[in-house]
>>> print(open('coords.tsv').read())   # TSV, N, CA and C atoms
chain	number	residue	atom	x	y	z
A	1	MET	N	0.83	-1.18	0.00
A	1	MET	CA	0.00	0.00	0.00
A	1	MET	C	0.87	1.24	0.00
A	2	GLU	N	0.53	2.05	-0.89
A	2	GLU	CA	1.29	3.29	-1.01
A	2	GLU	C	0.53	4.41	-0.30
A	3	ARG	N	1.26	5.10	0.55
A	3	ARG	CA	0.63	6.23	1.27
A	3	ARG	C	0.68	7.47	0.42
A	4	ARG	N	-0.42	8.10	0.37
A	4	ARG	CA	-0.49	9.33	-0.39
A	4	ARG	C	-0.24	10.52	0.54
A	5	ARG	N	0.63	11.39	0.13
A	5	ARG	CA	0.96	12.54	0.96
A	5	ARG	C	-0.13	13.60	0.79
A	6	GLN	N	-0.62	14.07	1.92
A	6	GLN	CA	-1.67	15.07	1.88
A	6	GLN	C	-1.04	16.45	1.89
A	7	SER	N	-1.43	17.25	0.94
A	7	SER	CA	-0.87	18.60	0.91
A	7	SER	C	-1.72	19.52	1.77
A	8	SER	N	-1.06	20.41	2.48
A	8	SER	CA	-1.75	21.36	3.34
A	8	SER	C	-2.08	22.62	2.56
A	9	VAL	N	-3.19	23.15	2.86
A	9	VAL	CA	-3.60	24.39	2.21
A	9	VAL	C	-3.47	25.52	3.23
A	10	TYR	N	-2.67	26.50	2.88
A	10	TYR	CA	-2.46	27.64	3.76
A	10	TYR	C	-3.03	28.89	3.14
A	11	SER	N	-3.57	29.73	3.98
A	11	SER	CA	-4.04	31.02	3.48
A	11	SER	C	-2.84	31.96	3.40
A	12	PRO	N	-2.94	33.01	2.62
A	12	PRO	CA	-1.80	33.92	2.47
A	12	PRO	C	-1.35	34.55	3.79
A	13	GLY	N	-2.27	34.72	4.73
A	13	GLY	CA	-1.92	35.35	6.01
A	13	GLY	C	-1.54	34.35	7.08
A	14	GLY	N	-1.39	33.12	6.75
A	14	GLY	CA	-1.07	32.13	7.77
A	14	GLY	C	-2.31	31.34	8.12
A	15	CYS	N	-2.65	31.30	9.39
A	15	CYS	CA	-3.76	30.46	9.83
A	15	CYS	C	-5.10	31.19	9.83
A	16	GLY	N	-5.12	32.43	9.50
A	16	GLY	CA	-6.36	33.19	9.52
A	16	GLY	C	-6.67	33.79	10.87
A	17	CYS	N	-5.73	33.70	11.80
A	17	CYS	CA	-5.94	34.26	13.13
A	17	CYS	C	-6.07	35.78	13.07
A	18	GLY	N	-5.39	36.38	12.10
A	18	GLY	CA	-5.47	37.83	11.96
A	18	GLY	C	-6.88	38.29	11.67
A	19	LEU	N	-7.62	37.50	10.88
A	19	LEU	CA	-9.00	37.84	10.58
A	19	LEU	C	-9.88	37.74	11.82
A	20	LEU	N	-9.56	36.78	12.67
A	20	LEU	CA	-10.33	36.64	13.90
A	20	LEU	C	-10.04	37.76	14.88
A	21	LEU	N	-8.83	38.30	14.82
A	21	LEU	CA	-8.44	39.36	15.75
A	21	LEU	C	-8.79	40.76	15.27
A	22	LEU	N	-9.23	40.90	14.03
A	22	LEU	CA	-9.54	42.23	13.51
A	22	LEU	C	-10.56	42.99	14.35
A	23	PRO	N	-11.66	42.39	14.79
A	23	PRO	CA	-12.59	43.15	15.65
A	23	PRO	C	-11.96	43.58	16.97
A	24	VAL	N	-11.12	42.73	17.54
A	24	VAL	CA	-10.44	43.08	18.80
A	24	VAL	C	-9.48	44.24	18.58
A	25	ILE	N	-8.76	44.19	17.48
A	25	ILE	CA	-7.82	45.27	17.17
A	25	ILE	C	-8.58	46.57	16.92
A	26	ALA	N	-9.70	46.49	16.20
A	26	ALA	CA	-10.49	47.69	15.92
A	26	ALA	C	-11.04	48.31	17.21
A	27	VAL	N	-11.51	47.47	18.12
A	27	VAL	CA	-12.02	47.98	19.39
A	27	VAL	C	-10.90	48.60	20.22
A	28	SER	N	-9.74	47.96	20.24
A	28	SER	CA	-8.64	48.51	21.04
A	28	SER	C	-8.14	49.82	20.46
A	29	ILE	N	-8.16	49.97	19.14
A	29	ILE	CA	-7.78	51.25	18.54
A	29	ILE	C	-8.82	52.31	18.90
A	30	GLY	N	-10.08	51.95	18.89
A	30	GLY	CA	-11.13	52.88	19.29
A	30	GLY	C	-11.00	53.31	20.73
A	31	VAL	N	-10.70	52.36	21.62
A	31	VAL	CA	-10.49	52.68	23.04
A	31	VAL	C	-9.29	53.59	23.20
A	32	MET	N	-8.23	53.34	22.43
A	32	MET	CA	-7.04	54.18	22.49
A	32	MET	C	-7.38	55.62	22.12
A	33	PHE	N	-8.13	55.79	21.02
A	33	PHE	CA	-8.51	57.14	20.61
A	33	PHE	C	-9.44	57.80	21.62
A	34	ALA	N	-10.33	57.03	22.24
A	34	ALA	CA	-11.22	57.58	23.25
A	34	ALA	C	-10.43	58.06	24.47
A	35	LEU	N	-9.48	57.24	24.93
A	35	LEU	CA	-8.65	57.64	26.07
A	35	LEU	C	-7.80	58.85	25.74
A	36	ALA	N	-7.27	58.90	24.52
A	36	ALA	CA	-6.47	60.06	24.11
A	36	ALA	C	-7.35	61.31	24.02
A	37	GLY	N	-8.59	61.15	23.57
A	37	GLY	CA	-9.50	62.28	23.50
A	37	GLY	C	-9.85	62.82	24.88
A	38	VAL	N	-10.08	61.92	25.81
A	38	VAL	CA	-10.37	62.35	27.18
A	38	VAL	C	-9.13	63.02	27.80
A	39	ALA	N	-7.95	62.51	27.48
A	39	ALA	CA	-6.72	63.14	27.97
A	39	ALA	C	-6.56	64.53	27.39
A	40	ALA	N	-6.90	64.71	26.12
A	40	ALA	CA	-6.83	66.04	25.51
A	40	ALA	C	-7.84	66.98	26.17
A	41	ALA	N	-9.03	66.48	26.46
A	41	ALA	CA	-10.04	67.30	27.14
A	41	ALA	C	-9.57	67.66	28.55
A	42	ALA	N	-8.93	66.72	29.24
A	42	ALA	CA	-8.40	67.00	30.58
A	42	ALA	C	-7.30	68.04	30.52
A	43	LEU	N	-6.48	67.99	29.49
A	43	LEU	CA	-5.42	68.98	29.33
A	43	LEU	C	-6.01	70.37	29.06
A	44	VAL	N	-7.04	70.43	28.23
A	44	VAL	CA	-7.71	71.70	27.97
A	44	VAL	C	-8.36	72.22	29.25
A	45	LEU	N	-8.99	71.34	30.02
A	45	LEU	CA	-9.60	71.74	31.29
A	45	LEU	C	-8.56	72.28	32.25
A	46	LEU	N	-7.38	71.66	32.31
A	46	LEU	CA	-6.32	72.14	33.18
A	46	LEU	C	-5.83	73.51	32.73
A	47	ILE	N	-5.68	73.72	31.44
A	47	ILE	CA	-5.24	75.02	30.92
A	47	ILE	C	-6.29	76.09	31.23
A	48	VAL	N	-7.56	75.77	31.06
A	48	VAL	CA	-8.64	76.72	31.38
A	48	VAL	C	-8.64	77.04	32.87
A	49	ALA	N	-8.45	76.02	33.71
A	49	ALA	CA	-8.44	76.25	35.16
A	49	ALA	C	-7.27	77.15	35.56
A	50	ILE	N	-6.12	76.95	34.95
A	50	ILE	CA	-4.98	77.82	35.24
A	50	ILE	C	-5.29	79.25	34.78
A	51	GLY	N	-5.90	79.37	33.61
A	51	GLY	CA	-6.27	80.70	33.11
A	51	GLY	C	-7.28	81.39	34.02
A	52	VAL	N	-8.27	80.66	34.51
A	52	VAL	CA	-9.26	81.24	35.42
A	52	VAL	C	-8.59	81.65	36.73
A	53	THR	N	-7.66	80.84	37.21
A	53	THR	CA	-6.95	81.18	38.43
A	53	THR	C	-6.16	82.48	38.27
A	54	VAL	N	-5.44	82.60	37.17
A	54	VAL	CA	-4.68	83.82	36.91
A	54	VAL	C	-5.61	85.02	36.78
A	55	TRP	N	-6.72	84.83	36.06
A	55	TRP	CA	-7.68	85.93	35.88
A	55	TRP	C	-8.27	86.37	37.22
A	56	LEU	N	-8.62	85.39	38.07
A	56	LEU	CA	-9.18	85.73	39.38
A	56	LEU	C	-8.17	86.47	40.25
A	57	CYS	N	-6.91	86.06	40.18
A	57	CYS	CA	-5.88	86.74	40.97
A	57	CYS	C	-5.65	88.17	40.47
A	58	ARG	N	-5.68	88.36	39.18
A	58	ARG	CA	-5.43	89.70	38.63
A	58	ARG	C	-6.61	90.65	38.84
A	59	SER	N	-7.82	90.12	38.81
A	59	SER	CA	-8.99	90.99	38.93
A	59	SER	C	-9.61	90.95	40.34
A	60	ARG	N	-8.85	90.52	41.32
A	60	ARG	CA	-9.39	90.37	42.67
A	60	ARG	C	-9.87	91.70	43.25
A	61	GLU	N	-9.03	92.72	43.16
A	61	GLU	CA	-9.39	94.02	43.75
A	61	GLU	C	-10.57	94.65	43.02
A	62	GLN	N	-10.60	94.54	41.70
A	62	GLN	CA	-11.70	95.11	40.93
A	62	GLN	C	-13.01	94.40	41.23
A	63	ARG	N	-12.96	93.09	41.36
A	63	ARG	CA	-14.18	92.33	41.68
A	63	ARG	C	-14.67	92.65	43.09
A	64	ARG	N	-13.73	92.87	44.00
A	64	ARG	CA	-14.13	93.24	45.36
A	64	ARG	C	-14.80	94.61	45.37
A	65	ALA	N	-14.23	95.52	44.59
A	65	ALA	CA	-14.80	96.88	44.53
A	65	ALA	C	-16.19	96.86	43.90
A	66	ASP	N	-16.41	95.95	42.94
A	66	ASP	CA	-17.72	95.84	42.29
A	66	ASP	C	-18.71	95.05	43.12
A	67	GLY	N	-18.27	94.42	44.19
A	67	GLY	CA	-19.15	93.64	45.05
A	67	GLY	C	-19.46	92.26	44.51
A	68	LYS	N	-18.66	91.76	43.59
A	68	LYS	CA	-18.90	90.43	43.02
A	68	LYS	C	-18.19	89.37	43.87
A	69	THR	N	-18.81	88.21	43.94
A	69	THR	CA	-18.20	87.10	44.69
A	69	THR	C	-17.54	86.13	43.70
A	70	ASN	N	-16.64	85.34	44.23
A	70	ASN	CA	-15.90	84.36	43.43
A	70	ASN	C	-16.37	82.93	43.69
A	71	VAL	N	-17.53	82.78	44.31
A	71	VAL	CA	-17.97	81.45	44.75
A	71	VAL	C	-18.10	80.49	43.58
A	72	GLY	N	-18.74	80.91	42.51
A	72	GLY	CA	-18.92	80.03	41.35
A	72	GLY	C	-17.61	79.62	40.72
A	73	TRP	N	-16.70	80.58	40.61
A	73	TRP	CA	-15.39	80.28	40.03
A	73	TRP	C	-14.58	79.36	40.94
A	74	VAL	N	-14.69	79.57	42.24
A	74	VAL	CA	-13.95	78.72	43.18
A	74	VAL	C	-14.48	77.29	43.12
A	75	VAL	N	-15.80	77.13	43.02
A	75	VAL	CA	-16.38	75.78	42.89
A	75	VAL	C	-15.89	75.13	41.60
A	76	PHE	N	-15.87	75.91	40.51
A	76	PHE	CA	-15.35	75.38	39.25
A	76	PHE	C	-13.90	74.92	39.40
A	77	LEU	N	-13.08	75.72	40.07
A	77	LEU	CA	-11.66	75.36	40.23
A	77	LEU	C	-11.49	74.15	41.15
A	78	ILE	N	-12.32	74.06	42.19
A	78	ILE	CA	-12.24	72.92	43.10
A	78	ILE	C	-12.56	71.62	42.35
A	79	ILE	N	-13.44	71.69	41.37
A	79	ILE	CA	-13.78	70.50	40.57
A	79	ILE	C	-12.76	70.28	39.46
A	80	ALA	N	-12.34	71.36	38.80
A	80	ALA	CA	-11.50	71.24	37.60
A	80	ALA	C	-10.10	70.72	37.89
A	81	TYR	N	-9.45	71.24	38.92
A	81	TYR	CA	-8.07	70.82	39.17
A	81	TYR	C	-7.94	69.33	39.50
A	82	PRO	N	-8.67	68.81	40.49
A	82	PRO	CA	-8.51	67.37	40.77
A	82	PRO	C	-8.94	66.48	39.61
A	83	LEU	N	-10.01	66.89	38.91
A	83	LEU	CA	-10.51	66.08	37.80
A	83	LEU	C	-9.48	65.99	36.68
A	84	SER	N	-8.92	67.11	36.27
A	84	SER	CA	-7.99	67.11	35.15
A	84	SER	C	-6.64	66.51	35.54
A	85	VAL	N	-6.13	66.86	36.69
A	85	VAL	CA	-4.81	66.36	37.09
A	85	VAL	C	-4.85	64.86	37.33
A	86	SER	N	-5.90	64.37	37.98
A	86	SER	CA	-5.97	62.93	38.27
A	86	SER	C	-6.06	62.12	36.98
A	87	TYR	N	-6.84	62.60	35.99
A	87	TYR	CA	-6.92	61.84	34.75
A	87	TYR	C	-5.62	61.93	33.97
A	88	LEU	N	-4.95	63.07	33.99
A	88	LEU	CA	-3.68	63.17	33.27
A	88	LEU	C	-2.63	62.27	33.90
A	89	VAL	N	-2.62	62.15	35.22
A	89	VAL	CA	-1.70	61.23	35.88
A	89	VAL	C	-2.04	59.79	35.51
A	90	PHE	N	-3.33	59.45	35.50
A	90	PHE	CA	-3.75	58.11	35.08
A	90	PHE	C	-3.32	57.82	33.65
A	91	PHE	N	-3.51	58.79	32.76
A	91	PHE	CA	-3.15	58.60	31.36
A	91	PHE	C	-1.64	58.44	31.20
A	92	ALA	N	-0.87	59.23	31.94
A	92	ALA	CA	0.59	59.12	31.87
A	92	ALA	C	1.04	57.74	32.37
A	93	LEU	N	0.46	57.27	33.48
A	93	LEU	CA	0.82	55.94	33.98
A	93	LEU	C	0.39	54.84	33.01
A	94	LEU	N	-0.74	55.03	32.35
A	94	LEU	CA	-1.21	54.07	31.35
A	94	LEU	C	-0.24	54.00	30.18
A	95	MET	N	0.24	55.15	29.73
A	95	MET	CA	1.19	55.18	28.61
A	95	MET	C	2.53	54.56	29.01
A	96	ILE	N	2.98	54.86	30.22
A	96	ILE	CA	4.23	54.26	30.70
A	96	ILE	C	4.09	52.74	30.75
A	97	SER	N	2.95	52.28	31.26
A	97	SER	CA	2.71	50.84	31.35
A	97	SER	C	2.62	50.21	29.96
A	98	ALA	N	2.00	50.91	29.03
A	98	ALA	CA	1.84	50.36	27.68
A	98	ALA	C	3.18	50.26	26.95
A	99	PHE	N	4.03	51.26	27.11
A	99	PHE	CA	5.28	51.27	26.35
A	99	PHE	C	6.39	50.46	27.02
A	100	THR	N	6.33	50.31	28.35
A	100	THR	CA	7.37	49.52	29.01
A	100	THR	C	6.95	48.07	29.21
A	101	GLY	N	5.66	47.82	29.19
A	101	GLY	CA	5.17	46.46	29.40
A	101	GLY	C	5.15	46.05	30.85
A	102	GLU	N	5.43	46.97	31.75
A	102	GLU	CA	5.44	46.69	33.18
A	102	GLU	C	4.25	47.35	33.84
A	103	SER	N	3.75	46.73	34.86
A	103	SER	CA	2.64	47.31	35.61
A	103	SER	C	3.15	48.46	36.47
A	104	VAL	N	2.47	49.58	36.41
A	104	VAL	CA	2.86	50.75	37.19
A	104	VAL	C	1.84	50.94	38.28
A	105	THR	N	2.30	50.91	39.53
A	105	THR	CA	1.40	51.11	40.67
A	105	THR	C	1.86	52.33	41.46
A	106	VAL	N	0.91	52.96	42.07
A	106	VAL	CA	1.20	54.13	42.90
A	106	VAL	C	0.84	53.78	44.33
A	107	GLY	N	1.78	54.03	45.24
A	107	GLY	CA	1.48	53.83	46.65
A	107	GLY	C	2.03	52.59	47.23
>>> encode(input="coords.tsv", output="structure tokens")
Amino acid sequence: MERRRQSSVYSPGGCGCGLLLLPVIAVSIGVMFALAGVAAAALVLLIVAIGVTVWLCRSREQRRADGKTNVGWVVFLIIAYPLSVSYLVFFALLMISAFTGESVTVG
């Protein structure tokens, strides 16, 4: 009895695993852009908060003379600084972890 050799059929990309991973890759790219967008928004928020702080310091005497209060601006700053700084620190640690391949922990 003669054994017949069976030829294997390969796809051009190998085993086709790349096609199975395409949705995962697409979702991860989307998540990356979403996180980068939120980081950009946090950076803009931080810049605006710094600008409001400088403006409030420069116009303090004039606002006092006009009888205006700074309560709304202070509430905005109390929310803006921790929100923007904490997310930017998270994003920086995420990028460090992604590029070094090591887990980054704080504390």
>>> atom_distance(input="coords.tsv", atom1="atom C of A:Ala49", atom2="atom CA of A:Val31")
27.7 Å
>>> atom_distance(input="coords.tsv", atom1="atom C of A:Leu45", atom2="atom N of A:Phe90")
14.2 Å
>>> select_by_dssp(input="coords.tsv", residues="chain A", states="alpha helix (DSSP H)", output="ChimeraX atom specification")
/A:17-58,60-66,71-100
>>> residues_around(input="coords.tsv", residues="A:Ala39", least_positions_apart="3", cutoff="7 Å", atoms="all atoms listed in the file", output="list of chain:residue names")
A:Ala34, A:Leu35, A:Ala36, A:Ala42, A:Leu43, A:Val44, A:Tyr87, A:Leu88, A:Phe91
>>> write_last_selection(input="coords.tsv", atoms="N, CA and C atoms", output="PDB file, in the frame of the given file")
ATOM      1  N   ALA A  34     -10.330  57.030  22.240  1.00  0.00           N
ATOM      2  CA  ALA A  34     -11.220  57.580  23.250  1.00  0.00           C
ATOM      3  C   ALA A  34     -10.430  58.060  24.470  1.00  0.00           C
ATOM      4  N   LEU A  35      -9.480  57.240  24.930  1.00  0.00           N
ATOM      5  CA  LEU A  35      -8.650  57.640  26.070  1.00  0.00           C
ATOM      6  C   LEU A  35      -7.800  58.850  25.740  1.00  0.00           C
ATOM      7  N   ALA A  36      -7.270  58.900  24.520  1.00  0.00           N
ATOM      8  CA  ALA A  36      -6.470  60.060  24.110  1.00  0.00           C
ATOM      9  C   ALA A  36      -7.350  61.310  24.020  1.00  0.00           C
ATOM     10  N   ALA A  42      -8.930  66.720  29.240  1.00  0.00           N
ATOM     11  CA  ALA A  42      -8.400  67.000  30.580  1.00  0.00           C
ATOM     12  C   ALA A  42      -7.300  68.040  30.520  1.00  0.00           C
ATOM     13  N   LEU A  43      -6.480  67.990  29.490  1.00  0.00           N
ATOM     14  CA  LEU A  43      -5.420  68.980  29.330  1.00  0.00           C
ATOM     15  C   LEU A  43      -6.010  70.370  29.060  1.00  0.00           C
ATOM     16  N   VAL A  44      -7.040  70.430  28.230  1.00  0.00           N
ATOM     17  CA  VAL A  44      -7.710  71.700  27.970  1.00  0.00           C
ATOM     18  C   VAL A  44      -8.360  72.220  29.250  1.00  0.00           C
ATOM     19  N   TYR A  87      -6.840  62.600  35.990  1.00  0.00           N
ATOM     20  CA  TYR A  87      -6.920  61.840  34.750  1.00  0.00           C
ATOM     21  C   TYR A  87      -5.620  61.930  33.970  1.00  0.00           C
ATOM     22  N   LEU A  88      -4.950  63.070  33.990  1.00  0.00           N
ATOM     23  CA  LEU A  88      -3.680  63.170  33.270  1.00  0.00           C
ATOM     24  C   LEU A  88      -2.630  62.270  33.900  1.00  0.00           C
ATOM     25  N   PHE A  91      -3.510  58.790  32.760  1.00  0.00           N
ATOM     26  CA  PHE A  91      -3.150  58.600  31.360  1.00  0.00           C
ATOM     27  C   PHE A  91      -1.640  58.440  31.200  1.00  0.00           C
TER      28      PHE A  91
END
>>> atom_distance(input="coords.tsv", atom1="atom CA of A:Cys17", atom2="atom CA of A:Ile29")
17.9 Å
>>> axis_aligned_box(input="coords.tsv", around="stretch 94-102 of chain A", padding_each_side="3 Å", output="lines of an AutoDock Vina configuration file")
center_x = 3.1
center_y = 50.6
center_z = 30.1
size_x = 14.6
size_y = 15.1
size_z = 13.5
